[in-house]
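Below: one structure, written as C-alpha cells.
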Amino acid sequence: MLKNTLLIAKREYVERVRSKVFRITTALVPIGMAGMAYLGSMGTHRIEQGLDQVAIVSNSPELAQQVEAALLSSQHPPRGVEVYAPATPADVARANHEVETHQISGYLKLMDVSGGIPQEATWVSGSSTDFVGQAVMANAVTNGLVRQELLAHGISDEQVQALTRHVNIETMQVKNGQAVTGNAGRSFAGAYALILVLYGAVLIYGINIARSVVEEKTSRIFEVLLSTASADDLMLGKLLGVGATGLTQMAIWAGLLVVAAGSQIAAAHGIHGLESLGITRPELIFFGVFFLLGFFLYSALAAALGSTVSGEQEVQQFSFILISPLVISVFMLPYVLGNPSSTTSVVLSLLPPFTPIIMYMRICAQMPPYWQVLLAVALLGASVLGMVWLAARIYRVGVLMYGKRATVPEMLRWLRYS
Amino acid sequence: MEVLVELEQVSKSYEEKTAVRNLTLKIEAGSMFGLLGPNGAGKTSTIRMIVGITLPDSGKVTLFNKPWTASALQRVGYLPEERGLYKKMKILDQLVFLGELHGLGASEAGRRAKTWCERLQIGETLQKRTEELSKGMQQKIQFISTLLHDPELIIMDEPFSGLDPVNTILLQDTLLELRKQGNAILFSTHRMDQVEKLCDSICLINRGEAVLSGGMREVKSRYERNHVIIHYEGEDGFLSHPAIAESKNYAGHAEIRLKPHADAQDLLRTAAATSTITKFELVEPSLEEIFIETVGGHADA
C-alpha cells in the first residue's frame with residue numbers, strides 16, 4: 001500500500017533529519033572538504049613556489065654551473081642556489097648542517113664526475129620522501145647535462161638557452177565533437193570531488209540503512225510493523241526515507257558549493273562559478289541520476305545484508321562487502337579517465353555495481369555513445385528494483401530468525417519460503 | 001455470538017520441528033481467550049499465524065468470518081512477545097506513527113495517545129524517548145500502541161511478563177474493561193492464575209497440540225472436585241476414612257485428596273460424628289493442577 005510506504009518513509013526522514021548525527025555531518029563534511037581543498041592547494045603551492053634556498057655540491061665546477069643555470073631558468077626556480085665546487089668534505093658537512101638548521105631545503109650532490117657524467121647524483125633534504133624536490137632536481141640535472149654537452153660541441157650560450165627553455169603545455173578536451181580549452185587538472189578535480197561525495201553518501205547512508213534494519217530486527221519492532229504493512233512497503237519506505245535524507249544533505253552541500261564557488265574568496269583564486277571548476281550542467285544532471293540509482297542499489301543491498309545479521313557489530317563485518325565495488329571503482333578512476341572508451345571501461349561502466357562511478361567518470365572524461373549511457377541506466381534501474389525485491393524477501397523471512405547469522409543456503413531457503 | 005477468529009486444523013512446521021499440529025480454536029466477540037502452554041508449546045507460532053507473520057502449512061485461518069486477508073489486520077491490535085520500540089524516537093511520535101499505520105489520522109492518533117497515557121498513569125512520558133524509560137513503562141507504551149486504533153480483536157503474546165504486580169493489575173483491569181465494551185481478547189501465558197481470573201475460555205497446548213480446550217467452567221467441570229479442606233475441633237480419627245487417598249493434617253486444619261469417585265458426604269458424616277466441624281469445603285482443582293496433570297512432568301514452565 002502506497003500510504004504505508006509513505007508513512008514509513010516519512011518517519012525515517014523526519015527522525016533522521018532531526019537527529020544530532022545529521023546536523024553534525026551536515027556541518028562537518030563541508031569543513032572537512034574545505035580543509036582537504038586547502039591542504040591540496042598547499043601541495044600545488046609548493047610546486048608553484050619552487051624550492052627555498054638550495055645548494056649544489058659537486059667535484060665538477062662546470063657541471064655544477066650548468067645545473068645551477070638549468071635550475072634558475074626552470075618553470076619554478078628555487079629562491080637561491082649556492083654552489084660548492086669543487087667540494088671538500090668540509091663543504092658536505094656544512095651543507096648537512098644547513099639542511100638540519102633549515103637554512104636550505106636541501107642540496108644536490110653530484111660526485112665522481114668523469115667525462116661530464118656524475119656517477120653519483122643525490123638530492124639530500126630534510127624529508128625522507130621529498131618527491132617534489134627529487135623531480136625538480138632530476139629535471140635540472142638532465143637539463144644541465146644537455147647544456148654541458150651542447151656547450152662542449154661549440155653551440156653558443158644563447159642558442160643553448162633557447163634550446164633548453166621550458167615549454168608550457170596547454171591542455172584541451174574534446175567535448176561535443178570539438179576541442180575546447182579545458183584545464184585537465186580542474187576537470188579532474190571537479191569530477192573527483194563529485195565522485196567522492198557520491199562514494200561518501202552511498203557509504204554513509206548504505207551503512208545507515210543496514211543499521212536501521214538491524215535496529216528494527218533487534219528491537220523486534222518489525223513484528224508490529226509486519227502485522228500491518230507488507231515487507232515491500234517497509235523496505236521501499238525505508239529506502240525512500242533514507243534516500244530523501246541523503247538528498248536533503250546533498251542539497252545543502254550543493255547549495256554551499258554553489259555559493260562558495262561564486263564567492264569573492266573563490267573569485268580571488270580565479271574561480272567563477274561551477275563552470276570554472278570544470279563541472280558542466282549535463283554533468284550535474286548525470287550526477288543526480290547516478291547518485292540516486294547508485295544510492296538505491298547500495299542501500300537495498302545493505303538492507304538485504306542487514307536482514308541476515310543479528311546485531312549491530314555484524315554490520316561492521318559486511319560493510320566491507322558493501323563498499324568493495326565502490327573501492328574498486330575508485331581505484332579504476334585513473335585508468336578510466338585515461339582510457340574512457342577502452343573495452344574494460346565500457347564493460348565496467350555497464351555492470352550495475354560499478355555503473356554509478358565508472359559511467360559518470362566516462363561521461364566526465366569523454367561523452368560515451370548514447371546507447372551505452374541508456375543501457376547502463378536501464379541495467380542499473382532494473383537491478384535496483386531486483387535488489388529491493390530481494391531485500392524485502394530476505395527482510396520478511398530473515399527478521400523472524402533469531403540469534404545466529406544466516407548461512408548462504410539458509411538465505412536461499414528463505415527466498416523460497418516467502 | 002459473532003466469531004472473530006477461527007482456526008481449523010492448522011499446522012505449521014519449521015526445519016527441525018513441528019510447532020503447531022492440527023490446532024482448532026474459536027474466539028468470540030466480547031470474550032477473553034487464554035492460550036496456555038509451557039514454553040515452546042507453540043503459543044507464539046499460533047499467534048503469528050493469526051496475524052499473518054507466518055502462514056500455516058495446512059489448515060484454515062478465518063478472521064472476522066472471512067478467509068484471512070492482510071487488510072483485516074487493520075481491525076486487530078497485536079502485541080508481540082518480544083517487545084520493541086524505536087529507541088531514539090519520542091513516545092508521542094512513536095504512538096502517532098503506529099496509529100497512522102493502523103489507519104488513524106495523525107491528530108486523532110495524538111489525541112488518543114494522550115488519553116491512553118493518562119489512563120495508564122504515564123502521561124509524563126509522552127515527550128521522552130524510549131531509551132529514557134524503564135522497562136515497565138516501555139511495556140505500557142507498547143500496550144497502548146496495540147490498543148490505539150480501538151481494534152475489535154486484541155492479540156497479546158505474554159502481555160504481563162516482566163510487569164510488577166501493581167501494573168499487572170492495572171493492565172488486567174484495562175483488558176477486562178475492553179472486554180466489557182465488546183472487544184475480543186486473545187492472550188497467551190504460562191501463568192495459570194491469570195487465566196483463571198480473566199478468561200472465559202481457554203486452549204491449553206502442549207508440543208504443538210491442543211490438549212484441553214473450551215469454556216473455563218466447562219474445562220474445570222471436567223475435572224472432579226476431589227480436594228477437601230476441613231477445619232475441625234476434636235478427634236482426627238476421620239482421616240483414616242476409606243475415601244481418603246492422601247491427607248495433610250495441620251492443627252485443626254486438614255487438606256485431603258479423595259480417591260476417584262469417593263463419597264465426600266460420607267466423609268463429612270464420619271467427621272461430624274467424632275469432631276466439631278467449623279468448615280467443610282469441596283475445592284475444585286486449580287487450573288494449575290489441571291495444567292500439571294495434563295501436561296505431566298514435561299512442562300518446564
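Just so we're on the same page: first chain in the C-alpha cells is A, next is B, and so on; residues restart at 1 for each chain, and ligands are numbered from 1 in the order they show up.
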- Query: What lies within 9 Å of Gly116 in chain A using only C-alpha atoms, ignoring chain neighbours under 5 positions off, as number ranges by chain?
  - Reply: A: 60, 62-63, 145, 148-149
Please produce a file of the residues just selected, as a PDB file, in the first residue's frame, where the atoms kept are N, CA and C atoms.
ATOM      1  N   SER A  60      82.746  18.798  -9.898  1.00  0.00           N
ATOM      2  CA  SER A  60      82.917  19.361 -11.234  1.00  0.00           C
ATOM      3  C   SER A  60      82.288  20.747 -11.295  1.00  0.00           C
ATOM      4  N   GLU A  62      82.146  22.779 -13.722  1.00  0.00           N
ATOM      5  CA  GLU A  62      81.447  23.010 -15.000  1.00  0.00           C
ATOM      6  C   GLU A  62      80.014  22.496 -14.923  1.00  0.00           C
ATOM      7  N   LEU A  63      79.888  21.243 -14.493  1.00  0.00           N
ATOM      8  CA  LEU A  63      78.541  20.644 -14.411  1.00  0.00           C
ATOM      9  C   LEU A  63      77.694  21.416 -13.411  1.00  0.00           C
ATOM     10  N   LEU A 145      73.052  18.503 -17.949  1.00  0.00           N
ATOM     11  CA  LEU A 145      73.932  17.647 -18.747  1.00  0.00           C
ATOM     12  C   LEU A 145      73.814  18.005 -20.228  1.00  0.00           C
ATOM     13  N   GLN A 148      75.639  21.184 -20.891  1.00  0.00           N
ATOM     14  CA  GLN A 148      77.077  20.966 -20.875  1.00  0.00           C
ATOM     15  C   GLN A 148      77.560  20.372 -22.194  1.00  0.00           C
ATOM     16  N   GLU A 149      76.816  19.371 -22.691  1.00  0.00           N
ATOM     17  CA  GLU A 149      77.177  18.719 -23.945  1.00  0.00           C
ATOM     18  C   GLU A 149      77.097  19.693 -25.111  1.00  0.00           C
TER      19      GLU A 149
END
- Return as an MDAnalysis selection string the residues belonging to chain B that are within 9 Å of chain A, counting only C-alpha atoms. chainID B and resid 48 51:54 70:71 73:74 76:80 82:89 93:94 97:98 100:102 146
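All residues within range 173-212 of chain B that the backbone DSSP calculation assigns to strand (DSSP E) are Ala184, Ile185, Leu186, Phe187, Ser188, Thr189, Ser201, Ile202, Cys203, Leu204, Ile205, Asn206, Glu209, Ala210, Val211 and Leu212 of chain B.
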With C-alpha atoms retained, write the just-selected residues as a PDB file, in the first residue's frame.
ATOM      1  CA  ALA B 184     -12.401  -9.899  21.919  1.00  0.00           C
ATOM      2  CA  ILE B 185      -9.064 -10.542  23.565  1.00  0.00           C
ATOM      3  CA  LEU B 186      -6.672 -13.395  22.966  1.00  0.00           C
ATOM      4  CA  PHE B 187      -3.643 -13.615  25.151  1.00  0.00           C
ATOM      5  CA  SER B 188      -1.043 -16.232  25.730  1.00  0.00           C
ATOM      6  CA  THR B 189       0.580 -17.022  29.028  1.00  0.00           C
ATOM      7  CA  SER B 201     -12.401 -19.824  27.505  1.00  0.00           C
ATOM      8  CA  ILE B 202      -9.028 -21.420  27.112  1.00  0.00           C
ATOM      9  CA  CYS B 203      -6.961 -23.633  24.935  1.00  0.00           C
ATOM     10  CA  LEU B 204      -4.109 -25.500  26.536  1.00  0.00           C
ATOM     11  CA  ILE B 205      -1.453 -26.564  24.076  1.00  0.00           C
ATOM     12  CA  ASN B 206       1.497 -28.787  24.625  1.00  0.00           C
ATOM     13  CA  GLU B 209      -1.226 -29.861  20.023  1.00  0.00           C
ATOM     14  CA  ALA B 210      -4.355 -28.739  21.835  1.00  0.00           C
ATOM     15  CA  VAL B 211      -4.649 -30.958  24.885  1.00  0.00           C
ATOM     16  CA  LEU B 212      -7.549 -29.168  26.507  1.00  0.00           C
TER      17      LEU B 212
END
- Task: Show which residues sit within 12 Å of Tyr335 in chain A, as an NGL selection string. Count only C-alpha atoms, and ignore same-chain residues fewer than 4 positions away.
- Result: :A and (328-331 or 339-346 or 348 or 358 or 361-362 or 365)
Output N, CA and C atoms for every residue in that selection, as a PDB file, in the first residue's frame.
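Generated file (again-v7.pdb):
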ATOM      1  N   ILE A 328      36.751  -0.575  -5.649  1.00  0.00           N
ATOM      2  CA  ILE A 328      37.313  -0.960  -6.947  1.00  0.00           C
ATOM      3  C   ILE A 328      37.102   0.172  -7.952  1.00  0.00           C
ATOM      4  N   SER A 329      35.885   0.738  -7.956  1.00  0.00           N
ATOM      5  CA  SER A 329      35.592   1.837  -8.882  1.00  0.00           C
ATOM      6  C   SER A 329      36.574   2.980  -8.692  1.00  0.00           C
ATOM      7  N   VAL A 330      36.808   3.334  -7.429  1.00  0.00           N
ATOM      8  CA  VAL A 330      37.694   4.467  -7.155  1.00  0.00           C
ATOM      9  C   VAL A 330      39.119   4.150  -7.615  1.00  0.00           C
ATOM     10  N   PHE A 331      39.542   2.886  -7.400  1.00  0.00           N
ATOM     11  CA  PHE A 331      40.876   2.510  -7.863  1.00  0.00           C
ATOM     12  C   PHE A 331      40.974   2.566  -9.385  1.00  0.00           C
ATOM     13  N   ASN A 339      41.546   6.145 -20.306  1.00  0.00           N
ATOM     14  CA  ASN A 339      41.058   5.293 -21.405  1.00  0.00           C
ATOM     15  C   ASN A 339      39.540   5.155 -21.347  1.00  0.00           C
ATOM     16  N   PRO A 340      38.826   6.259 -21.513  1.00  0.00           N
ATOM     17  CA  PRO A 340      37.375   6.210 -21.274  1.00  0.00           C
ATOM     18  C   PRO A 340      36.627   5.308 -22.246  1.00  0.00           C
ATOM     19  N   SER A 341      37.223   4.975 -23.388  1.00  0.00           N
ATOM     20  CA  SER A 341      36.475   4.171 -24.364  1.00  0.00           C
ATOM     21  C   SER A 341      37.053   2.788 -24.546  1.00  0.00           C
ATOM     22  N   SER A 342      37.980   2.359 -23.680  1.00  0.00           N
ATOM     23  CA  SER A 342      38.535   1.026 -23.829  1.00  0.00           C
ATOM     24  C   SER A 342      37.491  -0.017 -23.452  1.00  0.00           C
ATOM     25  N   THR A 343      37.710  -1.240 -23.898  1.00  0.00           N
ATOM     26  CA  THR A 343      36.736  -2.305 -23.631  1.00  0.00           C
ATOM     27  C   THR A 343      36.510  -2.462 -22.132  1.00  0.00           C
ATOM     28  N   THR A 344      37.610  -2.443 -21.363  1.00  0.00           N
ATOM     29  CA  THR A 344      37.474  -2.609 -19.914  1.00  0.00           C
ATOM     30  C   THR A 344      36.577  -1.518 -19.334  1.00  0.00           C
ATOM     31  N   SER A 345      36.804  -0.283 -19.743  1.00  0.00           N
ATOM     32  CA  SER A 345      35.996   0.823 -19.229  1.00  0.00           C
ATOM     33  C   SER A 345      34.534   0.656 -19.602  1.00  0.00           C
ATOM     34  N   VAL A 346      34.290   0.255 -20.873  1.00  0.00           N
ATOM     35  CA  VAL A 346      32.905   0.111 -21.329  1.00  0.00           C
ATOM     36  C   VAL A 346      32.206  -0.990 -20.537  1.00  0.00           C
ATOM     37  N   LEU A 348      32.994  -2.322 -17.594  1.00  0.00           N
ATOM     38  CA  LEU A 348      32.822  -1.940 -16.181  1.00  0.00           C
ATOM     39  C   LEU A 348      31.662  -0.967 -16.018  1.00  0.00           C
ATOM     40  N   ILE A 358      31.820   4.577 -12.500  1.00  0.00           N
ATOM     41  CA  ILE A 358      32.593   4.431 -13.734  1.00  0.00           C
ATOM     42  C   ILE A 358      31.914   5.150 -14.903  1.00  0.00           C
ATOM     43  N   MET A 361      32.269   8.791 -14.524  1.00  0.00           N
ATOM     44  CA  MET A 361      33.645   9.169 -14.835  1.00  0.00           C
ATOM     45  C   MET A 361      33.853   9.247 -16.337  1.00  0.00           C
ATOM     46  N   ARG A 362      33.299   8.241 -17.051  1.00  0.00           N
ATOM     47  CA  ARG A 362      33.450   8.240 -18.509  1.00  0.00           C
ATOM     48  C   ARG A 362      32.784   9.472 -19.107  1.00  0.00           C
ATOM     49  N   ALA A 365      34.988  12.342 -18.682  1.00  0.00           N
ATOM     50  CA  ALA A 365      36.207  12.300 -19.474  1.00  0.00           C
ATOM     51  C   ALA A 365      35.905  12.524 -20.954  1.00  0.00           C
TER      52      ALA A 365
END
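CA of Leu203 in chain A is positioned 19.4 Å from CA of Ser349 in chain A.
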- Extract the full set of alpha helix (DSSP H) residues from range 27-86 of chain A according to DSSP on the backbone, and format it as a count of residues only. 35
Neighbouring residues of Pro356 in chain A were defined as those with any atom within 9 Å, considering only C-alpha atoms; residues of the same chain fewer than 3 positions away were excluded. Please report them as a short mmCIF file (atom, residue, chain, number, x, y, z; two decimals) with C-alpha atoms, in the first residue's frame.
data_model
loop_
_atom_site.label_atom_id
_atom_site.label_comp_id
_atom_site.auth_asym_id
_atom_site.auth_seq_id
_atom_site.Cartn_x
_atom_site.Cartn_y
_atom_site.Cartn_z
CA LEU A 198 28.74 10.03 -4.22
CA PHE A 287 25.47 13.22 -11.22
CA VAL A 289 20.81 10.37 -11.89
CA PHE A 290 23.78 8.21 -10.94
CA PHE A 291 23.74 9.34 -7.35
CA LEU A 292 20.09 8.33 -6.95
CA LEU A 293 20.36 4.99 -8.73
CA GLY A 294 23.67 4.10 -7.11
CA PHE A 295 22.35 5.10 -3.77
CA SER A 349 30.53 1.00 -16.80
CA PRO A 352 25.40 -2.18 -12.30
CA PRO A 353 27.54 -2.12 -9.12
CA MET A 359 29.91 5.61 -16.16
CA TYR A 360 29.87 9.02 -14.53
CA MET A 361 33.65 9.17 -14.83
CA ALA A 376 23.81 1.43 -18.25
CA VAL A 377 20.97 3.45 -16.70
CA LEU A 380 21.15 -0.10 -13.08
#
- Fewer than 3 positions away in the same chain doesn't count, so skip those; otherwise give me all residues within 9 Å of Thr18 in chain B, counting only C-alpha atoms, as a PyMOL selection string. chain B and resi 11-15+21+42+207-208
- Can you pull out every residue within 10 Å of range 221-232 of chain B, counting only C-alpha atoms, but drop anything in the same chain fewer than 3 positions away, and send it as a ChimeraX atom specification? /B:215-218,235-236,244-264,267-268,271-272,274-287,290
Identify, on the basis of only C-alpha atoms, every residue whose closest approach to Leu163 in chain A does not exceed 10 Å; exclude the query and any residue fewer than 6 positions from it along the same chain; express the result as a PDB file with C-alpha atoms, in the first residue's frame.
ATOM      1  CA  VAL A 146      72.356  18.617 -22.076  1.00  0.00           C
ATOM      2  CA  ARG A 147      73.581  22.193 -21.660  1.00  0.00           C
ATOM      3  CA  LEU A 150      75.803  21.447 -26.218  1.00  0.00           C
ATOM      4  CA  ASP A 157      75.304  30.312 -24.969  1.00  0.00           C
TER       5      ASP A 157
END
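Atom to atom, CA of Leu147 in chain B and CA of Phe33 in chain B stand 16.8 Å apart.
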